[in-house]
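Q: One file is attached below, model-v3.cif, containing mmCIF, C-alpha atoms.
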data_my_file
#
loop_
_atom_site.label_atom_id
_atom_site.label_comp_id
_atom_site.auth_asym_id
_atom_site.auth_seq_id
_atom_site.Cartn_x
_atom_site.Cartn_y
_atom_site.Cartn_z
CA MET A 1 0.25 14.89 27.67
CA ASN A 2 1.19 17.15 24.76
CA THR A 3 -0.31 15.89 21.49
CA ASN A 4 1.08 18.67 19.32
CA PRO A 5 3.96 17.43 17.18
CA THR A 6 7.33 19.09 17.57
CA PRO A 7 8.94 20.54 14.42
CA ALA A 8 11.25 17.49 14.22
CA GLU A 9 8.32 15.08 14.49
CA HIS A 10 6.40 17.05 11.86
CA ASP A 11 9.38 16.78 9.47
CA GLU A 12 9.45 13.00 9.95
CA ASP A 13 5.93 12.81 8.50
CA LYS A 14 6.87 14.64 5.29
CA PRO A 15 7.84 12.66 2.18
CA LYS A 16 11.60 12.01 2.22
CA ASN A 17 12.12 11.80 -1.55
CA GLY A 18 10.44 12.26 -4.91
CA LEU A 19 8.95 8.77 -4.92
CA ASP A 20 7.34 9.36 -1.52
CA ALA A 21 5.99 12.73 -2.69
CA ALA A 22 4.49 11.11 -5.80
CA ILE A 23 2.92 8.36 -3.71
CA VAL A 24 1.37 10.91 -1.35
CA HIS A 25 0.01 12.91 -4.30
CA ILE A 26 -1.40 9.82 -6.03
CA GLY A 27 -2.71 8.41 -2.75
CA ASN A 28 -4.57 11.62 -1.95
CA ALA A 29 -6.20 11.56 -5.39
CA LEU A 30 -7.06 7.86 -5.19
CA SER A 31 -8.60 8.28 -1.74
CA LEU A 32 -11.58 9.87 -3.48
CA LEU A 33 -12.42 6.39 -4.76
CA PHE A 34 -13.49 5.53 -1.20
CA ILE A 35 -16.34 8.03 -1.68
CA PHE A 36 -17.25 6.33 -4.96
CA THR A 37 -17.26 2.97 -3.15
CA VAL A 38 -19.66 4.34 -0.52
CA ILE A 39 -21.92 5.78 -3.22
CA ILE A 40 -22.17 2.55 -5.19
CA SER A 41 -22.69 0.58 -1.97
CA PHE A 42 -25.55 2.94 -1.06
CA TYR A 43 -26.91 2.45 -4.58
CA GLU A 44 -26.84 -1.32 -4.08
CA VAL A 45 -28.70 -1.08 -0.76
CA LEU A 46 -31.29 1.20 -2.34
CA MET A 47 -31.76 -1.07 -5.37
CA ARG A 48 -31.88 -4.25 -3.31
CA TYR A 49 -34.11 -3.21 -0.42
CA VAL A 50 -36.25 -0.42 -1.85
CA PHE A 51 -36.70 -1.53 -5.46
CA ASP A 52 -36.09 -5.29 -5.00
CA SER A 53 -33.67 -5.18 -7.94
CA PRO A 54 -30.17 -6.05 -6.74
CA THR A 55 -27.14 -5.45 -8.94
CA ILE A 56 -24.58 -8.04 -9.93
CA TRP A 57 -21.65 -5.63 -10.13
CA VAL A 58 -21.56 -3.49 -6.98
CA HIS A 59 -20.20 -5.97 -4.45
CA GLU A 60 -17.30 -7.08 -6.66
CA THR A 61 -16.49 -3.52 -7.72
CA ALA A 62 -16.55 -2.22 -4.14
CA SER A 63 -14.41 -5.14 -2.95
CA PHE A 64 -11.90 -4.61 -5.76
CA LEU A 65 -11.65 -0.86 -5.17
CA GLY A 66 -11.40 -1.26 -1.39
CA GLY A 67 -8.74 -3.94 -1.67
CA SER A 68 -6.74 -1.95 -4.20
CA LEU A 69 -6.89 1.20 -2.10
CA PHE A 70 -5.76 -0.60 1.04
CA ILE A 71 -2.77 -2.01 -0.83
CA VAL A 72 -1.83 1.47 -2.06
CA GLY A 73 -2.38 2.62 1.53
CA GLY A 74 0.67 0.61 2.56
CA LEU A 75 2.83 2.67 0.22
CA TYR A 76 1.19 5.83 1.55
CA ALA A 77 1.89 4.83 5.16
CA MET A 78 5.56 4.24 4.34
CA ALA A 79 5.80 7.53 2.42
CA THR A 80 4.35 9.52 5.34
CA ASN A 81 6.17 7.57 8.07
CA LYS A 82 2.87 6.35 9.52
CA HIS A 83 3.71 2.65 9.41
CA VAL A 84 3.47 0.44 12.48
CA ARG A 85 6.37 0.42 14.92
CA VAL A 86 6.82 -0.44 18.56
CA VAL A 87 6.76 3.12 19.88
CA LEU A 88 7.18 1.98 23.47
CA LEU A 89 10.80 1.11 22.67
CA TYR A 90 11.29 3.64 19.87
CA ASP A 91 10.30 6.62 22.02
CA MET A 92 12.54 5.55 24.93
CA VAL A 93 15.82 5.61 23.00
CA SER A 94 18.06 8.43 21.82
CA PRO A 95 17.70 9.90 18.30
CA ARG A 96 20.96 8.16 17.33
CA THR A 97 19.63 4.78 18.44
CA ARG A 98 16.42 5.52 16.53
CA GLN A 99 18.50 5.90 13.40
CA TYR A 100 20.04 2.46 13.97
CA LEU A 101 16.56 1.05 14.59
CA ASN A 102 15.42 2.68 11.35
CA VAL A 103 18.31 1.07 9.46
CA PHE A 104 17.36 -2.32 10.91
CA HIS A 105 13.71 -1.69 10.03
CA HIS A 106 14.56 -0.71 6.46
CA VAL A 107 16.86 -3.71 5.93
CA MET A 108 14.20 -6.12 7.24
CA GLY A 109 11.47 -4.31 5.31
CA LEU A 110 13.52 -4.44 2.11
CA LEU A 111 14.14 -8.15 2.53
CA PHE A 112 10.47 -8.79 3.28
CA SER A 113 9.18 -6.66 0.39
CA VAL A 114 11.59 -8.21 -2.13
CA LEU A 115 10.54 -11.73 -1.11
CA MET A 116 6.87 -10.73 -1.19
CA SER A 117 7.41 -9.13 -4.61
CA TRP A 118 8.71 -12.43 -5.93
CA ALA A 119 5.78 -14.33 -4.43
CA SER A 120 3.28 -11.81 -5.81
CA TYR A 121 4.96 -12.00 -9.22
CA THR A 122 4.34 -15.73 -9.40
CA MET A 123 0.75 -15.19 -8.23
CA ALA A 124 0.15 -12.41 -10.79
CA ARG A 125 1.81 -14.37 -13.60
CA GLU A 126 -0.55 -17.28 -13.00
CA ALA A 127 -3.52 -14.89 -12.95
CA TRP A 128 -2.51 -13.24 -16.24
CA ILE A 129 -0.88 -16.03 -18.27
CA THR A 130 -2.30 -19.50 -18.91
CA PRO A 131 -0.06 -22.55 -18.43
CA TRP A 132 0.26 -22.82 -22.22
CA GLY A 133 1.50 -19.22 -22.51
CA GLU A 134 -1.54 -17.26 -23.66
CA MET A 135 -2.57 -14.05 -21.94
CA ARG A 136 -5.93 -14.49 -20.26
CA LEU A 137 -6.94 -12.67 -17.13
CA GLU A 138 -8.27 -14.66 -14.21
CA THR A 139 -11.89 -13.73 -13.52
CA SER A 140 -14.09 -13.93 -10.45
CA GLY A 141 -16.30 -16.76 -11.67
CA SER A 142 -19.49 -14.90 -10.73
CA ALA A 143 -22.42 -14.11 -13.00
CA TRP A 144 -20.75 -10.81 -13.91
CA ASN A 145 -17.28 -12.42 -14.06
CA PRO A 146 -14.95 -9.38 -14.12
CA PRO A 147 -11.15 -9.79 -14.27
CA PHE A 148 -10.78 -8.18 -10.83
CA PRO A 149 -8.76 -11.05 -9.30
CA ALA A 150 -6.08 -10.72 -12.00
CA LEU A 151 -6.07 -6.94 -11.78
CA LEU A 152 -5.78 -7.00 -7.99
CA LYS A 153 -2.90 -9.47 -8.15
CA GLY A 154 -1.16 -7.17 -10.64
CA ILE A 155 -1.68 -4.20 -8.32
CA ILE A 156 -0.28 -6.18 -5.40
CA PHE A 157 2.83 -7.04 -7.42
CA ILE A 158 3.39 -3.46 -8.59
CA CYS A 159 2.86 -2.03 -5.10
CA LEU A 160 5.29 -4.51 -3.54
CA CYS A 161 7.92 -3.61 -6.14
CA VAL A 162 7.39 0.09 -5.37
CA LEU A 163 7.56 -0.70 -1.64
CA SER A 164 10.91 -2.41 -2.21
CA VAL A 165 12.23 0.72 -3.91
CA GLN A 166 10.84 2.84 -1.07
CA PHE A 167 12.63 0.73 1.53
CA LEU A 168 15.86 0.95 -0.46
CA LEU A 169 15.64 4.75 -0.77
CA HIS A 170 14.81 5.13 2.93
CA LEU A 171 17.69 2.82 3.85
CA ILE A 172 20.13 4.86 1.75
CA ALA A 173 18.89 8.10 3.32
CA GLU A 174 19.19 6.67 6.84
CA ILE A 175 22.74 5.42 6.22
CA ARG A 176 23.70 8.82 4.80
CA GLY A 177 22.26 10.44 7.92
CA LEU A 178 24.35 8.17 10.14
CA ARG A 179 27.52 8.91 8.13
CA LYS A 180 26.98 12.67 8.36
CA LYS A 181 26.88 12.46 12.13
CA ASP A 182 29.97 10.23 12.22
CA VAL A 183 32.08 12.84 10.41
#
Would you mind writing the file's structure down as structure tokens?
A:
Amino acid sequence: MNTNPTPAEHDEDKPKNGLDAAIVHIGNALSLLFIFTVIISFYEVLMRYVFDSPTIWVHETASFLGGSLFIVGGLYAMATNKHVRVVLLYDMVSPRTRQYLNVFHHVMGLLFSVLMSWASYTMAREAWITPWGEMRLETSGSAWNPPFPALLKGIIFICLCVLSVQFLLHLIAEIRGLRKKDV
């Protein structure tokens, strides 16, 4: 089995537009925060088990950073065409049929991401605004009590909005590609 990508497959992995390119650039930079998460987790283990002086901030910080990075990872996967698909079917069909499958995928993805954006908006609004209209960030309720839950819900909302735009741009590009071949 040949595992080397063909030139056409390699082009599919490249960002398709400026938004995708920006997401890849930002995602590559943000991926360094995984190293920071490992370092502070090591610090926590050292402080807890060697010096018997556990921290109150490491677990929540590492969880927040990890969760945030995985959410951004969804945008990165879409930008680099590394999202999940049923390749058993996808690889068996002609390139033209793949384009139609891509259109279907982008329409369903756009619908899903718009609906999830609305749901995440309501979740973020409740985490940022009190019922009586004052801005107050939801906190974790721990001894440290950071506003990470509110911040994470805001990141989820923003990323889903960006994902919606990504799906729309990919859908437009796929439809243009189909029209070019029809002419």
Q: Select, from A:Gln99, A:Thr55, A:Gln166, A:Thr61, the residue with the minimum atom-to-atom distance to Pro146 of chain A, counting only C-alpha atoms.
A: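 The answer is A:Thr61, which sits nearest to Pro146 of chain A.
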Q: For atom CA of Arg176 of chain A and atom CA of Asn102 of chain A, determine how far apart the two atoms are, in Å to one decimal place.
A: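 The value is 12.2 Å.
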Q: Could you tell me which of A:Ile40, A:Glu174, A:Pro15, A:Pro149 comes closest to Thr97 of chain A if we count all atoms listed in the file?
A: A:Glu174
Q: Using the chain letters and numbers from this file, what does the PyMOL selection byres ((chain A and resi 34) around 12) select? Give the answer as JSON, numbers by chain.
A: {"A": [27, 28, 29, 30, 31, 32, 33, 35, 36, 37, 38, 39, 40, 41, 61, 62, 63, 64, 65, 66, 67, 68, 69, 70, 73]}
Q: Written as a list in words, what is the full residue list that the PyMOL selection byres ((chain A and resi 152) around 10) yields on the file shown?
A: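 What the PyMOL selection byres ((chain A and resi 152) around 10) grabs from the file is Phe64, Leu65, Gly67, Ser68, Ile71, Ala124, Ala127, Pro147, Phe148, Pro149, Ala150, Leu151, Lys153, Gly154, Ile155, Ile156, Phe157 and Ile158 of chain A.
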Q: Mind checking which residues fall within 12 Å of Glu126 of chain A, counting all atoms listed in the file, ignoring those fewer than 5 positions away in the same chain, and posting them as a ChimeraX atom specification?
A: /A:119-121,131-139,149-151,153-154
Q: How would segment 101-120 of chain A read, as a CSV table (one decimal), in the coordinates of the input, once N, CA and C atoms are built in?
A:
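What ended up in result_36.csv:
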chain,number,residue,atom,x,y,z
A,101,LEU,N,17.8,1.8,14.7
A,101,LEU,CA,16.6,1.0,14.6
A,101,LEU,C,15.9,1.2,13.2
A,102,ASN,N,16.0,2.4,12.7
A,102,ASN,CA,15.4,2.7,11.4
A,102,ASN,C,16.2,1.9,10.3
A,103,VAL,N,17.5,1.8,10.4
A,103,VAL,CA,18.3,1.1,9.5
A,103,VAL,C,17.9,-0.4,9.5
A,104,PHE,N,17.8,-0.9,10.7
A,104,PHE,CA,17.4,-2.3,10.9
A,104,PHE,C,16.0,-2.5,10.3
A,105,HIS,N,15.1,-1.6,10.6
A,105,HIS,CA,13.7,-1.7,10.0
A,105,HIS,C,13.7,-1.7,8.5
A,106,HIS,N,14.5,-0.8,7.9
A,106,HIS,CA,14.6,-0.7,6.5
A,106,HIS,C,15.2,-1.9,5.8
A,107,VAL,N,16.2,-2.5,6.5
A,107,VAL,CA,16.9,-3.7,5.9
A,107,VAL,C,15.9,-4.9,6.0
A,108,MET,N,15.2,-5.0,7.1
A,108,MET,CA,14.2,-6.1,7.2
A,108,MET,C,13.0,-5.9,6.3
A,109,GLY,N,12.6,-4.6,6.2
A,109,GLY,CA,11.5,-4.3,5.3
A,109,GLY,C,11.8,-4.5,3.9
A,110,LEU,N,13.1,-4.2,3.5
A,110,LEU,CA,13.5,-4.4,2.1
A,110,LEU,C,13.6,-5.9,1.8
A,111,LEU,N,14.1,-6.7,2.7
A,111,LEU,CA,14.1,-8.2,2.5
A,111,LEU,C,12.7,-8.7,2.4
A,112,PHE,N,11.9,-8.3,3.3
A,112,PHE,CA,10.5,-8.8,3.3
A,112,PHE,C,9.8,-8.4,2.0
A,113,SER,N,9.9,-7.1,1.6
A,113,SER,CA,9.2,-6.7,0.4
A,113,SER,C,9.7,-7.3,-0.9
A,114,VAL,N,11.0,-7.5,-0.9
A,114,VAL,CA,11.6,-8.2,-2.1
A,114,VAL,C,11.1,-9.7,-2.2
A,115,LEU,N,11.1,-10.4,-1.1
A,115,LEU,CA,10.5,-11.7,-1.1
A,115,LEU,C,9.0,-11.8,-1.4
A,116,MET,N,8.3,-10.8,-0.9
A,116,MET,CA,6.9,-10.7,-1.2
A,116,MET,C,6.6,-10.3,-2.6
A,117,SER,N,7.5,-9.5,-3.2
A,117,SER,CA,7.4,-9.1,-4.6
A,117,SER,C,7.6,-10.4,-5.5
A,118,TRP,N,8.5,-11.2,-5.2
A,118,TRP,CA,8.7,-12.4,-5.9
A,118,TRP,C,7.5,-13.3,-5.8
A,119,ALA,N,7.0,-13.5,-4.6
A,119,ALA,CA,5.8,-14.3,-4.4
A,119,ALA,C,4.6,-13.7,-5.2
A,120,SER,N,4.4,-12.4,-5.1
A,120,SER,CA,3.3,-11.8,-5.8
A,120,SER,C,3.5,-11.9,-7.3
